[in-house]
Structures are given as structure tokens and as C-alpha cells.
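Engineer: Below: one structure in C-alpha cells.
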Amino acid sequence: MSEAQKSATFLFYGELNDFLSRSRRDRPIQCLFRGRQTVKHLIESLGVPHPEVGSIEAGEQTLTLDTLVEEGAYIEVYPPRLPLPLPGSCTNAAEEPIRFVLDNHLGRLAAYLRLFGFDALYRNDIQDDELAQIAGAEERILLTRDHRLLMRTCIQYGYWLRSKNPRQQLVEVMRRWNLAGLVRPFRRCLRCNGLLQTVPKEQILSQLQPLTRLYYDDFRQCVECGQIYWKGSHYERMQTWMTKILQASTISP
């Protein structure tokens with residue numbers, strides 16, 4: 001004999017409605033289920049990934065994602081209050097206050113995050129299983145445009161980027177965790193995410209173009225891939241662009 005069908009009602013607030021069809025936004029949604037189901041399972045069956053959830057309430061009771069849903073429950077689901085606190089695994093890490101891993105469609109965003117000094121793992125051939133494994137094992141924040149990927153149980157921290165524009169995505173991420181005060185630009189390799197270190201010009205002379213040898217003296221080199229960086233003609237343009245991003249990302253008190 002099959003188990004009796006149960007019913008619970010969910011109401012999602014704020015930006016959590018981004019995951020719902022227009023006909024379901026800002027209104028109670030009836031959810032039918034059988035057996036013992038957690039809040040997480042039912043929320044995600046309606047399309048909302050658990051890392052995007054802030055608080056969950058049923059009347060005066062606060063629920064967790066692991067709470068078993070009772071027949072007839074009326075559950076209200078709220079997004080987190082911004083800015084979010086830094087993940088617990090990063091709080092005491094003086095060198096790396098926050099760490100990301102990005103899906104294989106977000107190469108430009110990865111480069112932007114590295115430019116601002118943030119640890120941003122990215123490969124254009126990385127697959128979903130490996131992304132989830134890295135995010136879970138290293139407690140990195142998974143950034144993605146695939147909200148289904150965020151539903152994997154092993155992922156604790158994640159964010160579904162609303163914009164398709166890399167610059168706007170950068171602003172989204174920086175505002176979500178209030179990162180403007182943690183920026184340390186030009187310390188990471190844009191190519192591979194490795195750290196940069198100062199290198200004597202004489203040590204890399206054979207790798208420089210003739211005009212670069214002539215006009216520049218201060219260089220940095222990636223400790224991982226060997227890529228060389230210097231303050232060329234593009235440097236001031238980059239600084240101006242970064243200033244605009246920081247202004248757009250700063251949260252007013």
C-alpha cells in the first residue's frame with residue numbers, strides 16, 4: 001500500500017522568487033509529497049537551491065533545511081540579509097579571507113576576481129561533478145549560472161549569478177559579501193590564479209620584448225605558471241575601471 005499523499009504550503013520572499021515561474025512568484029505554493037521529506041528537498045523540488053536560502057519559518061517556529069515537513073505546514077522562506085558574513089572556513093584566514101570556484105562559463109568573471117586579489121579557481125574544462133567536489137571539500141563559494149548545480153548536497157556555499165554580464169556579475173559578488181574593503185589588487189595571476197612575486201628584471205630579461213626591456217624596470221611573476229606582469233600603458237586604465245567597480249560595489253552604511 002502506498003503512503004498517503006501530504007500537502008505543505010511554501011511562500012518565498014524577495015530574490016528567491018528569481019527561481020520561480022512568474023505564475024508562482026510572491027504567492028503561496030502548494031507542494032504535494034509522500035513519506036518523510038525535509039525542508040531542503042521540498043524547497044529544491046520547487047526550484048530554489050539551498051545555498052540561496054536565509055531563514056525558514058513556520059509560524060513562530062524557526063526551521064532548518066533538515067527539518068521534516070509536517071502535513072499541512074505553512075512555511076515561509078526568506079533570502080539571507082546582505083551583506084553575507086564570510087564563510088566560517090575563511091574567517092581566520094589572514095591571507096585568503098574568501099575563496100571561490102567558478103563554473104566553466106565564467107572565465108571573464110574569474111579573471112576580474114583575480115585582478116582584485118581574490119582566490120578564484122577556474123578551468124574551462126571543469127565538469128559539474130568536480131566543481132561540486134571542490135566546493136564541498138575546500139568549502140569554497142561556488143559561483144554559477146546553473147542553479148541546479150547549487151542543489152547538490154555537498155555544496156554549503158554558493159550563489160547563482162543573476163546577470164549574464166561579467167562586470168555586473170563582479171559587482172553582484174562584491175556586494176553580496178561586502179568585499180570592497182578586502183580588495184588587494186595585482187597580487188594574483190589572471191591566467192592561473194597563482195600568487196605574484198616581485199622578480200628582478202635581470203632574471204627575466206630574456207623573456208621580455210625589446211621595448212619592455214627598455215622602458216620598464218618593475219616586474220612581478222606568477223609563482224605557478226611563470227607569467228610576467230608589469231605596469232604598462234594599460235595600468236592607469238585598469239585602475240580607473242577598478243575604481244568604478246569599487247564605487248558600484250560599496251554598500252552604504
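To be explicit about the labels: the chains of the C-alpha cells are called A, B, and onward in the order shown, and within each one the residues are counted from 1, while ligands get numbers from 1 in the order they are shown.
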Residues within 9 Å of His105 (chain A), please, as an MDAnalysis selection string. Count only C-alpha atoms; anything in the same chain fewer than 2 positions from it doesn't count.
Structural biologist: chainID A and resid 102:103 107:108 124 144:145
Engineer: Using only C-alpha atoms, which residues sit within 8 Å of Ala132 (chain A) once same-chain residues fewer than 2 positions away are excluded, as a ChimeraX atom specification?
Structural biologist: /A:128-130,134-136,142,149,152,154-155
Engineer: Using backbone DSSP assignments, extract all helix (DSSP H, G or I) residues from region 41-202 of chain A; output them as a PyMOL selection string.
Structural biologist: chain A and resi 41-45+50-52+107-115+128-137+149-151+166-176+180-182+201-202
Engineer: Extract, using only C-alpha atoms, all DNA, RNA and protein residues at most 12 Å from Gln221 (chain A), discarding same-chain residues fewer than 3 positions from it, and format them as a ChimeraX atom specification.
Structural biologist: /A:186-201,203-204,207,218,224-230
Engineer: Enter the distance from CA of Pro166 (chain A) to CA of Ala110 (chain A), in Å, rounded to one decimal.
Structural biologist: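 Value for the CA of Pro166 (chain A)-CA of Ala110 (chain A) distance: 9.0 Å.
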Engineer: Would you mind listing what lies within 9 Å of region 169-179 of chain A as a list of chain:residue names, with only C-alpha atoms counted and same-chain residues fewer than 6 positions away left out?
Structural biologist: A:Leu82, A:Pro83, A:Leu84, A:Pro85, A:Leu86, A:Ile98, A:Leu109, A:Ala110, A:Tyr112, A:Leu113, A:Leu143, A:Tyr159, A:Leu161, A:Arg162, A:Ser163, A:Ile245, A:Leu246, A:Ala248, A:Ser249, A:Thr250, A:Ile251
Engineer: Let me make sure I understand: among A:Val223, A:Ala120, A:Ala180, A:Val69, which one has the smallest atom-to-atom distance to Arg36 (chain A) if we use only C-alpha atoms?
Structural biologist: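 Using only C-alpha atoms, the shortest distance to Arg36 (chain A) belongs to A:Val69.
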Engineer: Run DSSP on the backbone and tell me which residues of region 5-184 of chain A come out as strand (DSSP E); list them as a PyMOL selection string.
Structural biologist: chain A and resi 5-12+29-34+56-58+61-63+74-77+99-102+119-121+141-144+158-160
Engineer: How would the residues just picked look written out with N, CA, C and O atoms as a compact mmCIF listing (two decimals), in the first residue's frame?
Structural biologist:
```
# COMPACT_ATOMS: atom_id res chain seq x y z
N GLN A 5 -0.74 10.72 0.49
CA GLN A 5 -0.19 11.98 0.00
C GLN A 5 -0.36 13.08 1.04
O GLN A 5 -1.38 13.17 1.70
N LYS A 6 0.66 13.90 1.18
CA LYS A 6 0.63 15.01 2.12
C LYS A 6 0.72 16.32 1.35
O LYS A 6 1.09 16.35 0.18
N SER A 7 0.45 17.39 2.08
CA SER A 7 0.50 18.71 1.45
C SER A 7 1.12 19.72 2.41
O SER A 7 0.86 19.70 3.61
N ALA A 8 1.96 20.59 1.86
CA ALA A 8 2.52 21.71 2.61
C ALA A 8 2.49 22.93 1.69
O ALA A 8 2.47 22.81 0.47
N THR A 9 2.47 24.11 2.29
CA THR A 9 2.42 25.35 1.51
C THR A 9 3.68 26.16 1.78
O THR A 9 4.10 26.32 2.93
N PHE A 10 4.29 26.65 0.70
CA PHE A 10 5.52 27.43 0.79
C PHE A 10 5.27 28.83 0.23
O PHE A 10 4.60 29.00 -0.79
N LEU A 11 5.85 29.82 0.89
CA LEU A 11 5.84 31.19 0.39
C LEU A 11 7.28 31.70 0.41
O LEU A 11 7.93 31.72 1.45
N PHE A 12 7.77 32.10 -0.77
CA PHE A 12 9.14 32.58 -0.91
C PHE A 12 9.16 34.10 -1.00
O PHE A 12 8.30 34.71 -1.65
N ILE A 29 2.54 28.56 -2.52
CA ILE A 29 2.63 27.44 -3.46
C ILE A 29 2.34 26.16 -2.70
O ILE A 29 3.00 25.84 -1.70
N GLN A 30 1.36 25.41 -3.17
CA GLN A 30 1.06 24.13 -2.56
C GLN A 30 2.04 23.08 -3.10
O GLN A 30 2.27 22.99 -4.30
N CYS A 31 2.60 22.31 -2.19
CA CYS A 31 3.55 21.27 -2.56
C CYS A 31 3.05 19.93 -2.04
O CYS A 31 2.84 19.76 -0.83
N LEU A 32 2.82 18.98 -2.94
CA LEU A 32 2.35 17.65 -2.57
C LEU A 32 3.53 16.70 -2.46
O LEU A 32 4.47 16.75 -3.27
N PHE A 33 3.51 15.82 -1.46
CA PHE A 33 4.63 14.90 -1.27
C PHE A 33 4.16 13.66 -0.52
O PHE A 33 3.07 13.63 0.04
N ARG A 34 5.01 12.66 -0.52
CA ARG A 34 4.74 11.43 0.22
C ARG A 34 5.93 11.10 1.12
O ARG A 34 7.06 11.47 0.82
N ILE A 56 14.12 30.20 7.55
CA ILE A 56 12.91 29.43 7.24
C ILE A 56 12.03 29.43 8.47
O ILE A 56 12.49 29.08 9.57
N GLU A 57 10.77 29.79 8.31
CA GLU A 57 9.87 29.89 9.45
C GLU A 57 8.54 29.22 9.17
O GLU A 57 8.03 29.24 8.04
N ALA A 58 7.97 28.64 10.23
CA ALA A 58 6.62 28.08 10.19
C ALA A 58 5.91 28.60 11.42
O ALA A 58 6.13 28.10 12.52
N GLN A 61 7.92 29.20 14.72
CA GLN A 61 8.99 28.21 14.79
C GLN A 61 10.01 28.45 13.67
O GLN A 61 9.65 28.66 12.52
N THR A 62 11.28 28.43 14.02
CA THR A 62 12.35 28.52 13.04
C THR A 62 12.77 27.12 12.63
O THR A 62 13.06 26.27 13.49
N LEU A 63 12.80 26.87 11.33
CA LEU A 63 13.14 25.55 10.80
C LEU A 63 14.55 25.56 10.23
O LEU A 63 15.13 26.60 9.95
N TYR A 74 2.66 25.43 6.87
CA TYR A 74 2.75 26.67 6.08
C TYR A 74 4.13 27.25 6.35
O TYR A 74 4.42 27.71 7.46
N ILE A 75 4.99 27.21 5.36
CA ILE A 75 6.42 27.51 5.54
C ILE A 75 6.79 28.75 4.74
O ILE A 75 6.54 28.82 3.53
N GLU A 76 7.42 29.71 5.42
CA GLU A 76 7.87 30.94 4.76
C GLU A 76 9.40 30.90 4.66
O GLU A 76 10.08 30.63 5.64
N VAL A 77 9.89 31.17 3.46
CA VAL A 77 11.32 31.04 3.17
C VAL A 77 11.87 32.41 2.75
O VAL A 77 11.36 33.02 1.81
N ARG A 99 37.21 32.52 -0.67
CA ARG A 99 37.71 31.71 -1.78
C ARG A 99 36.53 31.26 -2.64
O ARG A 99 35.48 30.88 -2.13
N PHE A 100 36.75 31.29 -3.95
CA PHE A 100 35.69 30.95 -4.90
C PHE A 100 36.13 29.80 -5.80
O PHE A 100 37.31 29.55 -6.01
N VAL A 101 35.13 29.11 -6.37
CA VAL A 101 35.34 28.24 -7.51
C VAL A 101 34.21 28.55 -8.49
O VAL A 101 33.05 28.74 -8.08
N LEU A 102 34.54 28.65 -9.78
CA LEU A 102 33.58 29.12 -10.77
C LEU A 102 33.36 28.06 -11.83
O LEU A 102 34.28 27.32 -12.21
N ASP A 119 41.00 34.74 -4.45
CA ASP A 119 41.30 33.36 -4.84
C ASP A 119 40.10 32.82 -5.62
O ASP A 119 39.04 32.57 -5.05
N ALA A 120 40.28 32.64 -6.94
CA ALA A 120 39.18 32.23 -7.80
C ALA A 120 39.61 31.07 -8.69
O ALA A 120 40.27 31.27 -9.72
N LEU A 121 39.28 29.85 -8.30
CA LEU A 121 39.62 28.67 -9.09
C LEU A 121 38.71 28.60 -10.31
O LEU A 121 37.50 28.76 -10.22
N ILE A 141 33.15 29.03 -2.18
CA ILE A 141 31.86 29.52 -2.66
C ILE A 141 31.76 29.21 -4.14
O ILE A 141 32.60 29.65 -4.93
N LEU A 142 30.76 28.45 -4.52
CA LEU A 142 30.56 28.11 -5.93
C LEU A 142 29.74 29.20 -6.61
O LEU A 142 28.62 29.51 -6.20
N LEU A 143 30.31 29.78 -7.64
CA LEU A 143 29.62 30.79 -8.45
C LEU A 143 29.22 30.13 -9.76
O LEU A 143 30.05 29.52 -10.44
N THR A 144 27.95 30.28 -10.13
CA THR A 144 27.46 29.57 -11.31
C THR A 144 26.23 30.26 -11.89
O THR A 144 25.55 31.02 -11.19
N GLY A 158 27.21 28.93 -2.02
CA GLY A 158 27.08 29.12 -3.45
C GLY A 158 26.18 30.29 -3.78
O GLY A 158 25.44 30.78 -2.94
N TYR A 159 26.29 30.71 -5.03
CA TYR A 159 25.48 31.85 -5.48
C TYR A 159 25.19 31.72 -6.97
O TYR A 159 26.09 31.44 -7.76
N TRP A 160 23.93 31.91 -7.31
CA TRP A 160 23.50 31.91 -8.70
C TRP A 160 23.54 33.34 -9.22
O TRP A 160 22.82 34.21 -8.73
```
Engineer: A:Ala111, A:Pro97, A:Pro87, A:Gly35: which is nearest Glu139 (chain A), counting only C-alpha atoms?
Structural biologist: A:Pro87
Engineer: For CA of Arg25 (chain A) and CA of Leu42 (chain A), quote the distance in Å rounded to one decimal.
Structural biologist: 16.3 Å
Engineer: Name the residues in contact with Thr64 (chain A) at a cut-off of 10 Å, using only C-alpha atoms, excluding same-chain residues fewer than 6 positions from it; report them as a PyMOL selection string.
Structural biologist: chain A and resi 38-40+54-57
Engineer: What does the distance from CA of Phe116 (chain A) to CA of Arg220 (chain A) come to in Å, to one decimal?
Structural biologist: 15.6 Å
Engineer: May I ask which of the residues A:Gln127, A:Leu16, A:Gly59, A:Leu106 is the closest one to Tyr78 (chain A), counting only C-alpha atoms?
Structural biologist: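 Closest residue, counting only C-alpha atoms: A:Leu16.
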Engineer: I need the residue nearest Leu115 (chain A) from this list: A:Ser21, A:Gln239, A:Gln156, A:Ser252. Use only C-alpha atoms for the distance.
Structural biologist: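 Once distances to Leu115 (chain A) are computed over only C-alpha atoms, the minimum belongs to A:Gln239.
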